[in-house]
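Heads up, the thing below is written out as structure tokens.
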Amino acid sequence: MFFGIDITQLIQVFGYPGIFAIIMAESGLFFAVALPGGSLLFTAGLLASQGYLNIWILLSTVIIAATLGDTIGYWFGSWVGPALWRREDSRFFKKKHLEHTRDFFNEHGAKTILLARFVPVVRTFAPILAGVGEMRYSTFLFYNVAGAVLWGGGFTLAGYFLGEAIPEVEKYLEIVIISIIVITVLPLVHQIWLARRREKRYNSDMPETMTLKDARVEKMNTQGIIFDLDDTLAESFQAPSEGILEKLFTLAERMPVAVMSGATFTRLERDVMKRLPAHRTAQLSVFSDNGARCDIWKNGTWNTEYHFPLETEEREHISKIVAEAVEETDVFNGEEPQYRILDRGTSVSFAALEDGAPQSKKSAWDPNLTKRPKLAEVLREKLPGYEILIAGKTTIDIVRKGISKAYGVEWLSAHLDIPAHNMLFVGDAFYEGGNDAAVIPTGIKTHHTSGPEETEKLIDQLLEG
């Protein structure tokens with residue numbers, strides 16, 4: 001029996017279709033997290049050894065179901081995006097399951113898709129988080145199929161060969177199933193224990209006299225820090241001040257620092273890169289166009305590490321769709337629109353106001369964040385192959401699918417050999433659909449800033465530490 005379910009009777013009554021449905025659901029549908037996975041496979045293998053099922057049909061059924069289930073989970077995660085982290089707990093969904101899975105991802109990286117097959121709960125949420133975090137699909141597919149074969153085929157064959165080796169093994173079926181459940185749950189229990197130990201250690205290390213911001217910095221155990229640009233290091237569409245930029249460069253001489261923005265390379269080159277003196281030994285990286293391009297400071301010069309431009313035809317098509325969506329949604333409420341469509345090479349951006357509009361006008365255009373989400377929703381329907389990211393006070397960025405700040409974080413994490421959860425991202429747009437929210441599924445720690453003044457104070461704290 002498993003949660004009141006007689007697995008043997010279930011298999012005998014529903015046969016291959018029932019096995020297929022349960023394995024598919026438990027592999028990637030969050031509401032099916034409590035279904036019996038490994039125990040069902042093992043029992044099915046035992047029954048196959050007794051002639052109730054054909055082992056070859058059973059193996060094919062299991063592997064296909066497991067692969068399909070993870071695939072559904074991946075595309076579901078890709079569809080819901082970071083909003084999943086803000087979903088309220090329910091009978092079938094617990095945010096703690098996401099958190100445990102994220103810890104597993106932080107420890108094992110892409111291999112989580114394979115290893116998670118052997119860990120209940122994590123097995124269900126791993127493909128969903130892979131989709132949320134926009135893991136490259138070819139990488140996901142490789143580990144998905146490998147995991148389906150090793151887990152689905154392995155558990156099934158283990159039950160089959162045990163049934164072949166032990167006479168009347170069905171008499172011991174309940175003991176065998178309980179043993180399997182205990183063994184498979186142990187990795188999850190270990191992961192929870194590690195997470196709680198880390199949290200306890202962090203809490204005990206924080207001095208009682210710390211301010212809230214000091215506590216956040218200490219708790220994050222920061223080994224690298226990434227800053228957004230607009231409304232973080234500088235006012236929207238403005239250059240950072242000399243003071244904050246000097247502090248940024250000084251911080252970059254002590255630890256890896258990156259500036260990651262939806263701004264164009266040309267603007268970042270002008271406002272940040274060319275302002276770094278050649279003699280400085282800063283550990284500084286600059287990611288433009290929401291992570292579509294990366295340049296790193298090496299030996300007194302800037303070097304391009306990667307660049308993912310959009311084709312001319314793509315940019316023209318996107319620009320046309322943006323114009324159509326603006327007219328369809330009427331986000332300007334019948335007023336004469338002054339928006340601009342900016343062709344940035346690696347992205348196309350909608351800017352609601354004229355070039356050089358004052359900050360007060362920008363702040364007043366969409367203060368309650370109702371206009372751009374409405375426009376973004378239509379753009380997502382019309383441009384399914386692209387990321388639609390809300391940025392700053394008046395902007396929407398359209399970039400290639402799979403290229404976002406999350407990609408930039410994961411690339412930098414691998415380049416520096418620093419786990420994402422040991423880095424800090426400072427930004428202003430962590431709300432749903434915001435271009436900073438894309439980094440949340442990577443596991444990086446986040447700090448929401450109210451603007452350059454607060455960001456400068458945070459840098460001061462890091463320099464003092």
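In the structure tokens, chains take the letters A, B, ... in the order shown, each chain's residues start at 1, and ligands count up from 1 in the order shown.
Near A:Arg136, within 10 Å and counting only C-alpha atoms, sit Ala110, Ala130, Gly131, Leu141, Gly402, Ile403 and Tyr407 of chain A, not including residues fewer than 5 positions from it in the same chain.
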Once you have the residues from the selection above, write them out as a PDB file, in the first residue's frame, restricted to N, CA and C atoms.
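Written out: out_34.pdb:
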```
ATOM      1  N   ALA A 110      23.306  21.181 -14.386  1.00  0.00           N
ATOM      2  CA  ALA A 110      22.438  20.549 -15.388  1.00  0.00           C
ATOM      3  C   ALA A 110      22.225  19.067 -15.115  1.00  0.00           C
ATOM      4  N   ALA A 130      14.003  23.803 -14.674  1.00  0.00           N
ATOM      5  CA  ALA A 130      14.856  23.900 -15.861  1.00  0.00           C
ATOM      6  C   ALA A 130      14.194  24.784 -16.909  1.00  0.00           C
ATOM      7  N   GLY A 131      12.871  24.658 -17.051  1.00  0.00           N
ATOM      8  CA  GLY A 131      12.138  25.507 -17.983  1.00  0.00           C
ATOM      9  C   GLY A 131      12.069  26.941 -17.516  1.00  0.00           C
ATOM     10  N   LEU A 141      17.311  17.922 -22.924  1.00  0.00           N
ATOM     11  CA  LEU A 141      16.846  16.698 -23.578  1.00  0.00           C
ATOM     12  C   LEU A 141      17.816  15.542 -23.357  1.00  0.00           C
ATOM     13  N   GLY A 402      15.545  32.338 -24.737  1.00  0.00           N
ATOM     14  CA  GLY A 402      16.666  31.670 -24.080  1.00  0.00           C
ATOM     15  C   GLY A 402      17.798  32.606 -23.727  1.00  0.00           C
ATOM     16  N   ILE A 403      17.776  33.831 -24.266  1.00  0.00           N
ATOM     17  CA  ILE A 403      18.793  34.821 -23.936  1.00  0.00           C
ATOM     18  C   ILE A 403      18.162  35.872 -23.028  1.00  0.00           C
ATOM     19  N   TYR A 407      20.573  33.845 -18.450  1.00  0.00           N
ATOM     20  CA  TYR A 407      21.667  33.258 -19.229  1.00  0.00           C
ATOM     21  C   TYR A 407      22.990  33.905 -18.833  1.00  0.00           C
TER      22      TYR A 407
END
```
Extract, using only C-alpha atoms, all DNA, RNA and protein residues at most 9 Å from stretch 346-349 of chain A, discarding same-chain residues fewer than 4 positions from it, and format them as a short mmCIF file (atom, residue, chain, number, x, y, z; two decimals) with N, CA and C atoms, in the first residue's frame.
```cif
data_model
loop_
_atom_site.label_atom_id
_atom_site.label_comp_id
_atom_site.auth_asym_id
_atom_site.auth_seq_id
_atom_site.Cartn_x
_atom_site.Cartn_y
_atom_site.Cartn_z
N GLY A 262 19.67 45.94 -19.76
CA GLY A 262 18.97 45.88 -21.04
C GLY A 262 19.46 46.94 -22.00
N THR A 264 21.95 49.08 -24.56
CA THR A 264 22.76 48.64 -25.69
C THR A 264 24.23 48.61 -25.33
N SER A 288 25.44 43.46 -22.01
CA SER A 288 24.49 44.39 -22.62
C SER A 288 23.30 43.64 -23.21
N ASP A 289 22.23 44.39 -23.51
CA ASP A 289 21.03 43.83 -24.14
C ASP A 289 20.51 42.59 -23.41
N ASN A 290 20.37 42.73 -22.08
CA ASN A 290 19.81 41.65 -21.24
C ASN A 290 20.60 40.36 -21.34
N ALA A 292 22.66 39.43 -23.91
CA ALA A 292 22.90 38.94 -25.27
C ALA A 292 24.34 39.15 -25.71
N ARG A 293 25.07 40.01 -25.00
CA ARG A 293 26.49 40.23 -25.29
C ARG A 293 27.24 40.37 -23.98
N HIS A 307 28.40 36.98 -28.26
CA HIS A 307 27.52 37.98 -28.86
C HIS A 307 26.45 37.26 -29.66
N PHE A 308 25.17 37.51 -29.38
CA PHE A 308 24.07 36.83 -30.06
C PHE A 308 23.16 37.87 -30.74
N PRO A 309 23.55 38.37 -31.90
CA PRO A 309 22.72 39.37 -32.58
C PRO A 309 21.49 38.76 -33.23
N LEU A 310 20.44 39.57 -33.40
CA LEU A 310 19.26 39.17 -34.15
C LEU A 310 19.49 39.47 -35.63
N GLU A 311 18.91 38.64 -36.49
CA GLU A 311 19.01 38.90 -37.92
C GLU A 311 18.20 40.15 -38.29
N ARG A 315 14.55 41.62 -36.70
CA ARG A 315 14.36 42.93 -36.07
C ARG A 315 13.26 43.73 -36.78
N ILE A 318 9.92 42.15 -35.70
CA ILE A 318 9.59 42.51 -34.32
C ILE A 318 9.11 43.96 -34.25
N SER A 319 9.78 44.86 -34.95
CA SER A 319 9.40 46.27 -34.96
C SER A 319 7.98 46.44 -35.48
N VAL A 322 5.53 45.24 -32.79
CA VAL A 322 5.43 46.20 -31.69
C VAL A 322 4.46 47.31 -32.05
N ARG A 340 9.07 55.20 -29.11
CA ARG A 340 10.13 54.88 -30.07
C ARG A 340 10.33 53.37 -30.11
N ILE A 341 10.66 52.85 -31.28
CA ILE A 341 11.06 51.45 -31.42
C ILE A 341 12.55 51.46 -31.72
N LEU A 342 13.33 50.91 -30.81
CA LEU A 342 14.79 51.00 -30.88
C LEU A 342 15.37 49.69 -31.38
N THR A 395 10.04 51.09 -20.59
CA THR A 395 10.63 50.27 -21.65
C THR A 395 10.16 48.82 -21.63
N ILE A 396 10.10 48.21 -22.80
CA ILE A 396 9.95 46.76 -22.96
C ILE A 396 11.03 46.30 -23.93
N ASP A 397 11.78 45.28 -23.54
CA ASP A 397 12.84 44.74 -24.39
C ASP A 397 12.40 43.41 -24.98
N ILE A 398 12.69 43.20 -26.25
CA ILE A 398 12.40 41.92 -26.93
C ILE A 398 13.72 41.31 -27.36
N VAL A 399 14.04 40.14 -26.83
CA VAL A 399 15.30 39.47 -27.14
C VAL A 399 15.02 38.03 -27.56
N ARG A 400 16.06 37.39 -28.08
CA ARG A 400 15.92 36.01 -28.53
C ARG A 400 15.54 35.08 -27.37
#
```
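In this model, the gap between atom CA of A:Asp366 and atom CA of A:Asp436 comes to 17.8 Å.
Taking only C-alpha atoms, the non-local environment of A:Lys111 within 12 Å (same-chain residues fewer than 5 positions away omitted) comprises Phe104, Phe105, Asn106, Ala116, Arg117, Ala126, Pro127, Ala130, Met135, Thr139, Phe140, Leu141, Phe142, Tyr143, Asn144, Val145, Ala146 and Gly147 of chain A.
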Could the residues in this selection be written to a file with N, CA and C atoms, as a PDB file, in the first residue's frame?
```
ATOM      1  N   PHE A 104      19.183  21.701  -4.998  1.00  0.00           N
ATOM      2  CA  PHE A 104      19.732  20.564  -5.728  1.00  0.00           C
ATOM      3  C   PHE A 104      20.392  21.049  -7.018  1.00  0.00           C
ATOM      4  N   PHE A 105      19.739  21.983  -7.708  1.00  0.00           N
ATOM      5  CA  PHE A 105      20.303  22.559  -8.930  1.00  0.00           C
ATOM      6  C   PHE A 105      21.618  23.275  -8.627  1.00  0.00           C
ATOM      7  N   ASN A 106      21.654  24.045  -7.545  1.00  0.00           N
ATOM      8  CA  ASN A 106      22.863  24.782  -7.193  1.00  0.00           C
ATOM      9  C   ASN A 106      24.042  23.845  -6.958  1.00  0.00           C
ATOM     10  N   ALA A 116      17.999  13.917 -10.328  1.00  0.00           N
ATOM     11  CA  ALA A 116      16.726  14.131  -9.635  1.00  0.00           C
ATOM     12  C   ALA A 116      15.742  13.004  -9.864  1.00  0.00           C
ATOM     13  N   ARG A 117      15.932  12.238 -10.933  1.00  0.00           N
ATOM     14  CA  ARG A 117      15.054  11.089 -11.186  1.00  0.00           C
ATOM     15  C   ARG A 117      14.992  10.160  -9.966  1.00  0.00           C
ATOM     16  N   ALA A 126      12.256  19.351 -10.843  1.00  0.00           N
ATOM     17  CA  ALA A 126      13.493  19.665 -11.572  1.00  0.00           C
ATOM     18  C   ALA A 126      13.240  20.107 -13.012  1.00  0.00           C
ATOM     19  N   PRO A 127      12.441  19.368 -13.806  1.00  0.00           N
ATOM     20  CA  PRO A 127      12.218  19.832 -15.183  1.00  0.00           C
ATOM     21  C   PRO A 127      11.463  21.165 -15.247  1.00  0.00           C
ATOM     22  N   ALA A 130      14.003  23.803 -14.674  1.00  0.00           N
ATOM     23  CA  ALA A 130      14.856  23.900 -15.861  1.00  0.00           C
ATOM     24  C   ALA A 130      14.194  24.784 -16.909  1.00  0.00           C
ATOM     25  N   MET A 135      17.026  26.636 -19.251  1.00  0.00           N
ATOM     26  CA  MET A 135      18.140  25.762 -19.593  1.00  0.00           C
ATOM     27  C   MET A 135      18.097  25.459 -21.085  1.00  0.00           C
ATOM     28  N   THR A 139      20.572  20.509 -23.998  1.00  0.00           N
ATOM     29  CA  THR A 139      21.177  19.981 -22.760  1.00  0.00           C
ATOM     30  C   THR A 139      20.124  19.277 -21.928  1.00  0.00           C
ATOM     31  N   PHE A 140      18.973  19.916 -21.779  1.00  0.00           N
ATOM     32  CA  PHE A 140      17.884  19.319 -21.008  1.00  0.00           C
ATOM     33  C   PHE A 140      17.468  17.977 -21.599  1.00  0.00           C
ATOM     34  N   LEU A 141      17.311  17.922 -22.924  1.00  0.00           N
ATOM     35  CA  LEU A 141      16.846  16.698 -23.578  1.00  0.00           C
ATOM     36  C   LEU A 141      17.816  15.542 -23.357  1.00  0.00           C
ATOM     37  N   PHE A 142      19.108  15.829 -23.404  1.00  0.00           N
ATOM     38  CA  PHE A 142      20.106  14.773 -23.194  1.00  0.00           C
ATOM     39  C   PHE A 142      19.943  14.147 -21.813  1.00  0.00           C
ATOM     40  N   TYR A 143      19.913  14.994 -20.785  1.00  0.00           N
ATOM     41  CA  TYR A 143      19.795  14.474 -19.410  1.00  0.00           C
ATOM     42  C   TYR A 143      18.409  13.893 -19.146  1.00  0.00           C
ATOM     43  N   ASN A 144      17.402  14.424 -19.817  1.00  0.00           N
ATOM     44  CA  ASN A 144      16.044  13.906 -19.680  1.00  0.00           C
ATOM     45  C   ASN A 144      15.985  12.456 -20.155  1.00  0.00           C
ATOM     46  N   VAL A 145      16.455  12.198 -21.361  1.00  0.00           N
ATOM     47  CA  VAL A 145      16.416  10.835 -21.912  1.00  0.00           C
ATOM     48  C   VAL A 145      17.315   9.894 -21.103  1.00  0.00           C
ATOM     49  N   ALA A 146      18.517  10.377 -20.751  1.00  0.00           N
ATOM     50  CA  ALA A 146      19.432   9.540 -19.962  1.00  0.00           C
ATOM     51  C   ALA A 146      18.803   9.161 -18.628  1.00  0.00           C
ATOM     52  N   GLY A 147      18.149  10.128 -17.978  1.00  0.00           N
ATOM     53  CA  GLY A 147      17.504   9.850 -16.692  1.00  0.00           C
ATOM     54  C   GLY A 147      16.338   8.899 -16.835  1.00  0.00           C
TER      55      GLY A 147
END
```
Q) Contacts of A:Gly451 at 10 Å or less, counting only C-alpha atoms, minus same-chain residues fewer than 5 places along, as number ranges by chain? A) A: 229-236, 427-428, 456
Export, as a PDB file, in the first residue's frame, the selected residues with C-alpha atoms.
```
ATOM      1  CA  LEU A 229      22.179  49.863 -14.721  1.00  0.00           C
ATOM      2  CA  ASP A 230      18.977  51.904 -15.119  1.00  0.00           C
ATOM      3  CA  ASP A 231      17.347  52.847 -11.805  1.00  0.00           C
ATOM      4  CA  THR A 232      20.094  50.911 -10.032  1.00  0.00           C
ATOM      5  CA  LEU A 233      23.532  52.412 -10.790  1.00  0.00           C
ATOM      6  CA  ALA A 234      22.025  55.387 -12.616  1.00  0.00           C
ATOM      7  CA  GLU A 235      18.745  57.092 -13.283  1.00  0.00           C
ATOM      8  CA  SER A 236      16.856  55.705 -16.271  1.00  0.00           C
ATOM      9  CA  GLY A 427      18.353  45.550  -9.444  1.00  0.00           C
ATOM     10  CA  ASP A 428      15.000  47.325  -9.471  1.00  0.00           C
ATOM     11  CA  GLU A 456      25.745  53.517  -3.586  1.00  0.00           C
TER      12      GLU A 456
END
```
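For the choices A:Ala420, A:Glu336, A:Pro452, A:Phe237, the atom-to-atom distance to A:Thr394 is smallest for A:Phe237 when using only C-alpha atoms.
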